[in-house]
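Pasting data38.cif here (mmCIF, C-alpha atoms, pLDDT in the B column; chains and numbers go by the auth columns):
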```cif
data_input
#
loop_
_atom_site.group_PDB
_atom_site.id
_atom_site.type_symbol
_atom_site.label_atom_id
_atom_site.label_comp_id
_atom_site.label_asym_id
_atom_site.label_seq_id
_atom_site.Cartn_x
_atom_site.Cartn_y
_atom_site.Cartn_z
_atom_site.B_iso_or_equiv
_atom_site.auth_seq_id
_atom_site.auth_asym_id
ATOM 1 C CA THR A 1 89.610 43.161 57.815 38.00 1 A
ATOM 2 C CA THR A 2 92.104 45.996 57.860 42.00 2 A
ATOM 3 C CA PRO A 3 93.625 47.490 54.712 43.00 3 A
ATOM 4 C CA SER A 4 97.154 46.350 53.923 45.00 4 A
ATOM 5 C CA LEU A 5 99.866 49.000 53.705 47.00 5 A
ATOM 6 C CA ASP A 6 102.291 46.495 52.180 45.00 6 A
ATOM 7 C CA ARG A 7 103.667 47.784 48.874 41.00 7 A
ATOM 8 C CA LYS A 8 103.079 44.313 47.420 36.00 8 A
ATOM 9 C CA GLY A 9 99.825 43.624 49.260 36.00 9 A
ATOM 10 C CA ILE A 10 96.186 44.435 48.679 37.00 10 A
ATOM 11 C CA THR A 11 95.443 46.845 45.852 40.00 11 A
ATOM 12 C CA MET A 12 93.832 49.946 47.301 56.00 12 A
ATOM 13 C CA ASP A 13 92.206 51.545 44.267 80.00 13 A
ATOM 14 C CA VAL A 14 90.390 54.161 46.328 89.00 14 A
ATOM 15 C CA LEU A 15 93.581 55.419 47.997 93.00 15 A
ATOM 16 C CA GLY A 16 95.444 55.352 44.693 92.00 16 A
ATOM 17 C CA SER A 17 99.143 55.107 43.966 92.00 17 A
ATOM 18 C CA ARG A 18 100.577 57.847 46.215 95.00 18 A
ATOM 19 C CA ILE A 19 99.483 57.493 49.840 96.00 19 A
ATOM 20 C CA VAL A 20 100.562 59.636 52.788 97.00 20 A
ATOM 21 C CA ILE A 21 100.853 57.799 56.118 97.00 21 A
ATOM 22 C CA VAL A 22 100.365 60.222 59.029 97.00 22 A
ATOM 23 C CA ALA A 23 101.429 59.832 62.676 97.00 23 A
ATOM 24 C CA PHE A 24 102.270 62.471 65.276 96.00 24 A
ATOM 25 C CA ASP A 25 103.919 62.447 68.688 93.00 25 A
ATOM 26 C CA GLY A 26 101.505 63.586 71.363 89.00 26 A
ATOM 27 C CA TRP A 27 97.878 63.005 72.302 87.00 27 A
ATOM 28 C CA ASN A 28 97.260 60.595 69.387 89.00 28 A
ATOM 29 C CA ASP A 29 100.262 58.392 70.198 90.00 29 A
ATOM 30 C CA ALA A 30 99.793 56.264 73.322 88.00 30 A
ATOM 31 C CA GLY A 31 102.935 54.281 74.079 85.00 31 A
ATOM 32 C CA GLU A 32 104.496 55.831 70.955 90.00 32 A
ATOM 33 C CA ALA A 33 102.798 53.043 69.007 90.00 33 A
ATOM 34 C CA ALA A 34 101.749 55.186 66.037 93.00 34 A
ATOM 35 C CA SER A 35 105.002 57.134 65.698 94.00 35 A
ATOM 36 C CA GLY A 36 106.904 53.870 66.226 93.00 36 A
ATOM 37 C CA ALA A 37 105.008 52.200 63.375 93.00 37 A
ATOM 38 C CA LEU A 38 105.802 55.110 61.097 95.00 38 A
ATOM 39 C CA ALA A 39 109.458 55.035 62.166 94.00 39 A
ATOM 40 C CA ALA A 40 109.540 51.340 61.229 94.00 40 A
ATOM 41 C CA LEU A 41 108.180 52.213 57.781 92.00 41 A
ATOM 42 C CA ARG A 42 110.774 54.940 57.402 93.00 42 A
ATOM 43 C CA ALA A 43 113.566 52.487 58.269 94.00 43 A
ATOM 44 C CA THR A 44 112.667 50.309 55.273 90.00 44 A
ATOM 45 C CA SER A 45 114.040 52.745 52.681 92.00 45 A
ATOM 46 C CA GLU A 46 115.522 56.199 52.115 95.00 46 A
ATOM 47 C CA TYR A 47 113.268 59.258 52.143 97.00 47 A
ATOM 48 C CA ASP A 48 113.636 62.848 50.968 97.00 48 A
ATOM 49 C CA LEU A 49 112.072 65.784 52.795 97.00 49 A
ATOM 50 C CA VAL A 50 109.352 67.395 50.684 97.00 50 A
ATOM 51 C CA HIS A 51 108.019 70.002 53.084 98.00 51 A
ATOM 52 C CA THR A 52 108.492 71.140 56.664 97.00 52 A
ATOM 53 C CA VAL A 53 106.637 73.793 58.649 97.00 53 A
ATOM 54 C CA ASP A 54 107.949 76.880 60.390 97.00 54 A
ATOM 55 C CA PRO A 55 107.883 75.874 64.088 96.00 55 A
ATOM 56 C CA GLU A 56 107.251 79.469 65.173 96.00 56 A
ATOM 57 C CA LEU A 57 103.764 79.303 63.646 97.00 57 A
ATOM 58 C CA TYR A 58 102.496 76.091 65.213 97.00 58 A
ATOM 59 C CA PHE A 59 104.341 75.097 68.380 96.00 59 A
ATOM 60 C CA ASP A 60 104.168 76.374 71.938 95.00 60 A
ATOM 61 C CA TYR A 61 107.732 76.102 73.243 95.00 61 A
ATOM 62 C CA GLN A 62 106.579 75.948 76.863 93.00 62 A
ATOM 63 C CA TYR A 63 104.647 72.793 75.941 91.00 63 A
ATOM 64 C CA THR A 64 107.029 71.295 73.367 92.00 64 A
ATOM 65 C CA ARG A 65 110.427 72.678 74.228 93.00 65 A
ATOM 66 C CA PRO A 66 113.406 72.908 71.880 94.00 66 A
ATOM 67 C CA ALA A 67 116.344 70.684 72.813 95.00 67 A
ATOM 68 C CA THR A 68 120.048 71.402 72.948 96.00 68 A
ATOM 69 C CA ARG A 69 122.908 69.119 71.977 93.00 69 A
ATOM 70 C CA MET A 70 126.602 69.249 71.187 93.00 70 A
ATOM 71 C CA ASP A 71 127.700 68.687 67.595 90.00 71 A
ATOM 72 C CA ALA A 72 130.867 66.866 66.478 91.00 72 A
ATOM 73 C CA ASP A 73 132.867 70.078 66.793 93.00 73 A
ATOM 74 C CA GLY A 74 131.752 70.674 70.369 92.00 74 A
ATOM 75 C CA ARG A 75 129.393 73.527 69.483 94.00 75 A
ATOM 76 C CA ARG A 76 125.968 73.741 71.067 94.00 76 A
ATOM 77 C CA ARG A 77 123.020 73.330 68.681 94.00 77 A
ATOM 78 C CA LEU A 78 119.298 73.836 69.190 94.00 78 A
ATOM 79 C CA THR A 79 116.767 71.409 67.771 94.00 79 A
ATOM 80 C CA TRP A 80 113.256 72.801 67.353 95.00 80 A
ATOM 81 C CA PRO A 81 109.962 70.896 67.307 95.00 81 A
ATOM 82 C CA GLU A 82 109.137 69.953 63.748 95.00 82 A
ATOM 83 C CA ALA A 83 106.709 68.293 61.383 97.00 83 A
ATOM 84 C CA GLY A 84 107.566 67.225 57.864 97.00 84 A
ATOM 85 C CA LEU A 85 106.382 65.349 54.789 98.00 85 A
ATOM 86 C CA TRP A 86 108.782 62.761 53.344 97.00 86 A
ATOM 87 C CA ARG A 87 108.675 60.923 50.021 96.00 87 A
ATOM 88 C CA PRO A 88 110.450 57.646 49.214 96.00 88 A
ATOM 89 C CA ARG A 89 113.592 58.135 47.171 94.00 89 A
ATOM 90 C CA ASP A 90 113.062 54.844 45.294 90.00 90 A
ATOM 91 C CA PRO A 91 109.376 53.854 45.673 82.00 91 A
ATOM 92 C CA GLY A 92 109.655 50.445 44.022 80.00 92 A
ATOM 93 C CA PRO A 93 106.591 48.450 42.941 83.00 93 A
ATOM 94 C CA GLY A 94 103.129 49.122 44.308 83.00 94 A
ATOM 95 C CA PRO A 95 101.817 52.320 45.870 90.00 95 A
ATOM 96 C CA GLU A 96 104.249 55.003 47.033 94.00 96 A
ATOM 97 C CA LEU A 97 104.068 55.407 50.789 95.00 97 A
ATOM 98 C CA TRP A 98 104.867 58.987 51.773 97.00 98 A
ATOM 99 C CA LEU A 99 105.304 59.804 55.469 98.00 99 A
ATOM 100 C CA LEU A 100 103.994 62.777 57.422 98.00 100 A
ATOM 101 C CA THR A 101 105.294 62.922 60.964 96.00 101 A
ATOM 102 C CA GLY A 102 106.415 65.190 63.747 95.00 102 A
ATOM 103 C CA VAL A 103 105.035 66.752 66.900 94.00 103 A
ATOM 104 C CA GLU A 104 101.333 67.498 67.266 95.00 104 A
ATOM 105 C CA PRO A 105 101.029 71.300 66.959 96.00 105 A
ATOM 106 C CA ALA A 106 99.836 73.426 69.854 95.00 106 A
ATOM 107 C CA ARG A 107 97.970 76.081 67.868 96.00 107 A
ATOM 108 C CA THR A 108 96.453 77.072 64.494 97.00 108 A
ATOM 109 C CA TRP A 109 95.533 73.508 63.567 97.00 109 A
ATOM 110 C CA GLN A 110 93.455 74.586 60.575 98.00 110 A
ATOM 111 C CA ALA A 111 96.383 76.413 59.002 98.00 111 A
ATOM 112 C CA PHE A 112 98.711 73.503 59.868 98.00 112 A
ATOM 113 C CA ALA A 113 96.488 70.906 58.184 97.00 113 A
ATOM 114 C CA SER A 114 95.771 73.190 55.222 98.00 114 A
ATOM 115 C CA GLU A 115 99.479 73.757 54.636 98.00 115 A
ATOM 116 C CA PHE A 116 100.194 70.042 54.333 98.00 116 A
ATOM 117 C CA VAL A 117 97.033 69.282 52.341 98.00 117 A
ATOM 118 C CA ASP A 118 98.021 72.000 49.855 98.00 118 A
ATOM 119 C CA VAL A 119 101.426 70.338 49.442 98.00 119 A
ATOM 120 C CA ALA A 120 99.743 66.941 49.039 97.00 120 A
ATOM 121 C CA LEU A 121 97.498 68.300 46.282 97.00 121 A
ATOM 122 C CA ARG A 122 100.478 69.946 44.564 97.00 122 A
ATOM 123 C CA ASP A 123 102.353 66.624 44.555 97.00 123 A
ATOM 124 C CA ASP A 124 99.371 64.555 43.360 96.00 124 A
ATOM 125 C CA VAL A 125 98.857 62.610 46.580 97.00 125 A
ATOM 126 C CA THR A 126 95.910 60.261 46.045 96.00 126 A
ATOM 127 C CA GLY A 127 95.146 58.977 49.559 96.00 127 A
ATOM 128 C CA LEU A 128 95.866 59.496 53.243 97.00 128 A
ATOM 129 C CA VAL A 129 96.007 57.020 56.145 97.00 129 A
ATOM 130 C CA THR A 130 96.277 58.204 59.747 97.00 130 A
ATOM 131 C CA LEU A 131 97.851 56.069 62.479 96.00 131 A
ATOM 132 C CA GLY A 132 96.807 56.584 66.076 92.00 132 A
ATOM 133 C CA ALA A 133 97.055 54.783 69.409 89.00 133 A
ATOM 134 C CA MET A 134 94.890 55.086 72.508 86.00 134 A
ATOM 135 C CA LEU A 135 95.229 53.807 76.056 80.00 135 A
ATOM 136 C CA ALA A 136 92.723 51.022 76.689 81.00 136 A
ATOM 137 C CA ASP A 137 91.836 48.354 79.220 76.00 137 A
ATOM 138 C CA VAL A 138 93.632 45.585 77.307 80.00 138 A
ATOM 139 C CA PRO A 139 96.443 43.250 78.420 72.00 139 A
ATOM 140 C CA HIS A 140 99.883 43.162 76.849 77.00 140 A
ATOM 141 C CA THR A 141 99.660 39.355 76.627 75.00 141 A
ATOM 142 C CA ARG A 142 97.173 39.474 73.753 75.00 142 A
ATOM 143 C CA PRO A 143 97.603 40.766 70.194 79.00 143 A
ATOM 144 C CA ILE A 144 97.026 44.500 69.851 78.00 144 A
ATOM 145 C CA SER A 145 93.621 45.211 68.339 82.00 145 A
ATOM 146 C CA VAL A 146 93.412 47.789 65.561 86.00 146 A
ATOM 147 C CA PHE A 147 90.234 49.667 64.693 88.00 147 A
ATOM 148 C CA ALA A 148 90.108 50.514 60.975 91.00 148 A
ATOM 149 C CA SER A 149 87.637 53.147 59.871 93.00 149 A
ATOM 150 C CA SER A 150 86.949 55.752 57.232 94.00 150 A
ATOM 151 C CA GLN A 151 84.562 58.643 56.715 91.00 151 A
ATOM 152 C CA ASN A 152 84.795 57.999 52.962 92.00 152 A
ATOM 153 C CA ASP A 153 81.884 55.911 51.649 91.00 153 A
ATOM 154 C CA GLU A 154 83.850 54.421 48.753 91.00 154 A
ATOM 155 C CA MET A 155 86.768 53.535 51.019 91.00 155 A
ATOM 156 C CA ARG A 156 84.530 51.778 53.534 91.00 156 A
ATOM 157 C CA GLU A 157 82.841 49.741 50.826 89.00 157 A
ATOM 158 C CA SER A 158 86.052 48.686 49.063 88.00 158 A
ATOM 159 C CA GLN A 159 87.953 47.714 52.239 88.00 159 A
ATOM 160 C CA ALA A 160 85.072 46.671 54.531 87.00 160 A
ATOM 161 C CA LEU A 161 85.921 49.409 57.011 91.00 161 A
ATOM 162 C CA GLU A 162 83.665 50.843 59.676 90.00 162 A
ATOM 163 C CA LYS A 163 82.427 54.392 60.047 91.00 163 A
ATOM 164 C CA SER A 164 83.487 55.871 63.365 89.00 164 A
ATOM 165 C CA THR A 165 80.600 57.104 65.515 89.00 165 A
ATOM 166 C CA TYR A 166 82.887 58.777 68.079 87.00 166 A
ATOM 167 C CA GLU A 167 81.873 62.208 69.314 92.00 167 A
ATOM 168 C CA GLY A 168 84.092 64.289 71.574 93.00 168 A
ATOM 169 C CA PRO A 169 87.537 65.924 71.713 92.00 169 A
ATOM 170 C CA VAL A 170 89.873 65.035 68.853 93.00 170 A
ATOM 171 C CA GLY A 171 93.546 65.277 67.998 93.00 171 A
ATOM 172 C CA ILE A 172 95.309 66.557 64.911 96.00 172 A
ATOM 173 C CA LEU A 173 94.673 63.287 63.030 96.00 173 A
ATOM 174 C CA SER A 174 90.929 63.955 62.882 95.00 174 A
ATOM 175 C CA VAL A 175 91.621 67.466 61.625 96.00 175 A
ATOM 176 C CA PHE A 176 93.828 66.055 58.855 96.00 176 A
ATOM 177 C CA GLU A 177 91.159 63.557 57.833 96.00 177 A
ATOM 178 C CA HIS A 178 88.550 66.321 57.683 96.00 178 A
ATOM 179 C CA PHE A 179 90.686 68.670 55.605 97.00 179 A
ATOM 180 C CA ALA A 180 91.926 65.916 53.268 97.00 180 A
ATOM 181 C CA GLU A 181 88.418 64.604 52.600 96.00 181 A
ATOM 182 C CA ASN A 182 87.157 68.138 51.927 97.00 182 A
ATOM 183 C CA ALA A 183 90.002 68.558 49.427 97.00 183 A
ATOM 184 C CA GLY A 184 89.033 65.341 47.615 96.00 184 A
ATOM 185 C CA ILE A 185 91.740 63.093 49.092 97.00 185 A
ATOM 186 C CA PRO A 186 90.182 59.847 50.417 96.00 186 A
ATOM 187 C CA THR A 187 91.253 58.823 53.915 96.00 187 A
ATOM 188 C CA ALA A 188 91.356 55.854 56.238 95.00 188 A
ATOM 189 C CA SER A 189 92.244 55.654 59.928 94.00 189 A
ATOM 190 C CA LEU A 190 93.963 52.903 61.938 94.00 190 A
ATOM 191 C CA TRP A 191 93.858 53.117 65.750 91.00 191 A
ATOM 192 C CA ALA A 192 95.646 50.651 68.017 87.00 192 A
ATOM 193 C CA SER A 193 94.443 49.894 71.551 83.00 193 A
ATOM 194 C CA VAL A 194 97.500 50.037 73.818 82.00 194 A
ATOM 195 C CA PRO A 195 97.530 48.678 77.420 76.00 195 A
ATOM 196 C CA HIS A 196 96.864 51.588 79.746 72.00 196 A
ATOM 197 C CA TYR A 197 99.922 50.756 81.873 73.00 197 A
ATOM 198 C CA VAL A 198 102.382 51.125 78.979 63.00 198 A
#
```
Will you turn the file into structure tokens for me?
Amino acid sequence: TTPSLDRKGITMDVLGSRIVIVAFDGWNDAGEAASGALAALRATSEYDLVHTVDPELYFDYQYTRPATRMDADGRRRLTWPEAGLWRPRDPGPGPELWLLTGVEPARTWQAFASEFVDVALRDDVTGLVTLGAMLADVPHTRPISVFASSQNDEMRESQALEKSTYEGPVGILSVFEHFAENAGIPTASLWASVPHYV
């Protein structure tokens, strides 16, 4: 079974009452499934920006370029790559679902993860769930399978999750899980298998 992220669903004592949901555009986001899921969560209520990073520190503009657009007054504006932590304005019943999203950084991943984990600790975040999506040899005519795992022993026992045995290159989500767990924030990971032709 996979853990419910429904505010009125399964009680997740290990993750606590203030849970950050993490998804990034980039290598971890096949078919934009992870960032799309987080965008759907964000559309359910209003959120306030808690923290954003300085793009100069973490992004390579030749890889993730800034964009230009015209504003309502006809002036040209630049939009820079970003990553930010958002909290619900009116959490309602059940656990608060905070959102951490943006573009996967191109450099200094340890500093990037540490910066957000420090903010999470400051704001009493109690759990972290990463959302990822990978290209797989699966058809679009069947339900998308989701692999739920955790490196946290208590989390695996309480939610019947698996422990990932993957070894190899990782994305920023794995770095976040590592830094959060080392800081005492329990984590879980949900990965969707997306048809490779998407």
Calculated over all atoms listed in the file, which of the candidates A:Leu97, A:Ala120, A:Val22, A:Leu57 has the smallest distance to Ser174 of chain A?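 Closest to Ser174 of chain A of all the choices is A:Val22.
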The PyMOL selection byres ((chain A and resi 147) around 7) resolved against shown file, as a ChimeraX atom specification: /A:145-146,148-149,190-192
Which one is closest to Ala23 of chain A: A:Pro95, A:Glu157, A:Glu177, A:Arg69? Count all atoms listed in the file. A:Glu177
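As for atom CA of Val125 of chain A and atom CA of Val20 of chain A, they are spaced 7.1 Å apart.
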Can you tell me how far atom CA of Thr52 of chain A sits from atom CA of Phe24 of chain A, in Å to one decimal?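 Spanning atom CA of Thr52 of chain A to atom CA of Phe24 of chain A is a straight-line distance of 13.7 Å.
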Just the residues within 9 Å of segment 153-156 of chain A, please, counting all atoms listed in the file, with nothing from its chain fewer than 3 positions along; format it as a ChimeraX atom specification. /A:12-15,149-150,159-163,186-188
Which residue, A:Val175, A:Gly168, A:Met134, A:Gly94, has the smallest gap to Ala111 of chain A when you use only C-alpha atoms?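 When distances to Ala111 of chain A are compared using only C-alpha atoms, the smallest one comes from A:Val175.
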For Leu100 of chain A, list every protein, DNA or RNA residue within 10 Å, evaluated using all atoms listed in the file, and leave out those in the same chain fewer than 6 positions away; present the list as a list in words.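 Residues near the query, excluding close chain neighbours: Val20, Ile21, Val22, Ala23, Phe24, Leu38, Leu49, Val50, His51, Thr52, Ala83, Gly84, Leu85, Trp86, Arg87, Phe116, Leu128, Val129 and Thr130 of chain A.
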I need the chosen residues saved as a compact mmCIF listing (two decimals), keeping the file's coordinate frame, with C-alpha atoms.
```
# COMPACT_ATOMS: atom_id res chain seq x y z
CA VAL A 20 100.56 59.64 52.79
CA ILE A 21 100.85 57.80 56.12
CA VAL A 22 100.36 60.22 59.03
CA ALA A 23 101.43 59.83 62.68
CA PHE A 24 102.27 62.47 65.28
CA LEU A 38 105.80 55.11 61.10
CA LEU A 49 112.07 65.78 52.80
CA VAL A 50 109.35 67.40 50.68
CA HIS A 51 108.02 70.00 53.08
CA THR A 52 108.49 71.14 56.66
CA ALA A 83 106.71 68.29 61.38
CA GLY A 84 107.57 67.22 57.86
CA LEU A 85 106.38 65.35 54.79
CA TRP A 86 108.78 62.76 53.34
CA ARG A 87 108.68 60.92 50.02
CA PHE A 116 100.19 70.04 54.33
CA LEU A 128 95.87 59.50 53.24
CA VAL A 129 96.01 57.02 56.14
CA THR A 130 96.28 58.20 59.75
```
Å distance separating atom CA of Leu99 of chain A from atom CA of Thr44 of chain A, one decimal place: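 Atom CA of Thr44 of chain A lies 12.0 Å from atom CA of Leu99 of chain A.
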Starting from the displayed file, determine the output of the PyMOL selection byres ((chain A and resi 114) around 12) and express the residue list as a PyMOL selection string. chain A and resi 53+108-113+115-121+172+175-183
Now that the selection is made, can you save its residues with C-alpha atoms as a compact mmCIF listing (two decimals), keeping the file's coordinate frame?
```txt
# COMPACT_ATOMS: atom_id res chain seq x y z
CA VAL A 53 106.64 73.79 58.65
CA THR A 108 96.45 77.07 64.49
CA TRP A 109 95.53 73.51 63.57
CA GLN A 110 93.46 74.59 60.58
CA ALA A 111 96.38 76.41 59.00
CA PHE A 112 98.71 73.50 59.87
CA ALA A 113 96.49 70.91 58.18
CA GLU A 115 99.48 73.76 54.64
CA PHE A 116 100.19 70.04 54.33
CA VAL A 117 97.03 69.28 52.34
CA ASP A 118 98.02 72.00 49.86
CA VAL A 119 101.43 70.34 49.44
CA ALA A 120 99.74 66.94 49.04
CA LEU A 121 97.50 68.30 46.28
CA ILE A 172 95.31 66.56 64.91
CA VAL A 175 91.62 67.47 61.62
CA PHE A 176 93.83 66.06 58.86
CA GLU A 177 91.16 63.56 57.83
CA HIS A 178 88.55 66.32 57.68
CA PHE A 179 90.69 68.67 55.60
CA ALA A 180 91.93 65.92 53.27
CA GLU A 181 88.42 64.60 52.60
CA ASN A 182 87.16 68.14 51.93
CA ALA A 183 90.00 68.56 49.43
```
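Using only C-alpha atoms, the smallest distance between any of A:Tyr166, A:Trp27, A:Tyr197, A:Tyr47 and Glu96 of chain A comes from A:Tyr47.
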Can you list, as a PDB file with C-alpha atoms, keeping the file's coordinate frame, the residues that the PyMOL selection byres ((chain A and resi 89) around 6) selects here?
```pdb
ATOM      1  CA  GLU A  46     115.522  56.199  52.115  1.00 95.00           C
ATOM      2  CA  TYR A  47     113.268  59.258  52.143  1.00 97.00           C
ATOM      3  CA  PRO A  88     110.450  57.646  49.214  1.00 96.00           C
ATOM      4  CA  ASP A  90     113.062  54.844  45.294  1.00 90.00           C
TER       5      ASP A  90
END
```
Selection as a list in words: residues within 12 Å of (117.5, 72.9, 71.9), counting all atoms listed in the file: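 In the file's frame, the residues around the point are Tyr61, Thr64, Arg65, Pro66, Ala67, Thr68, Arg69, Met70, Asp71, Arg76, Arg77, Leu78, Thr79, Trp80 and Pro81 of chain A.
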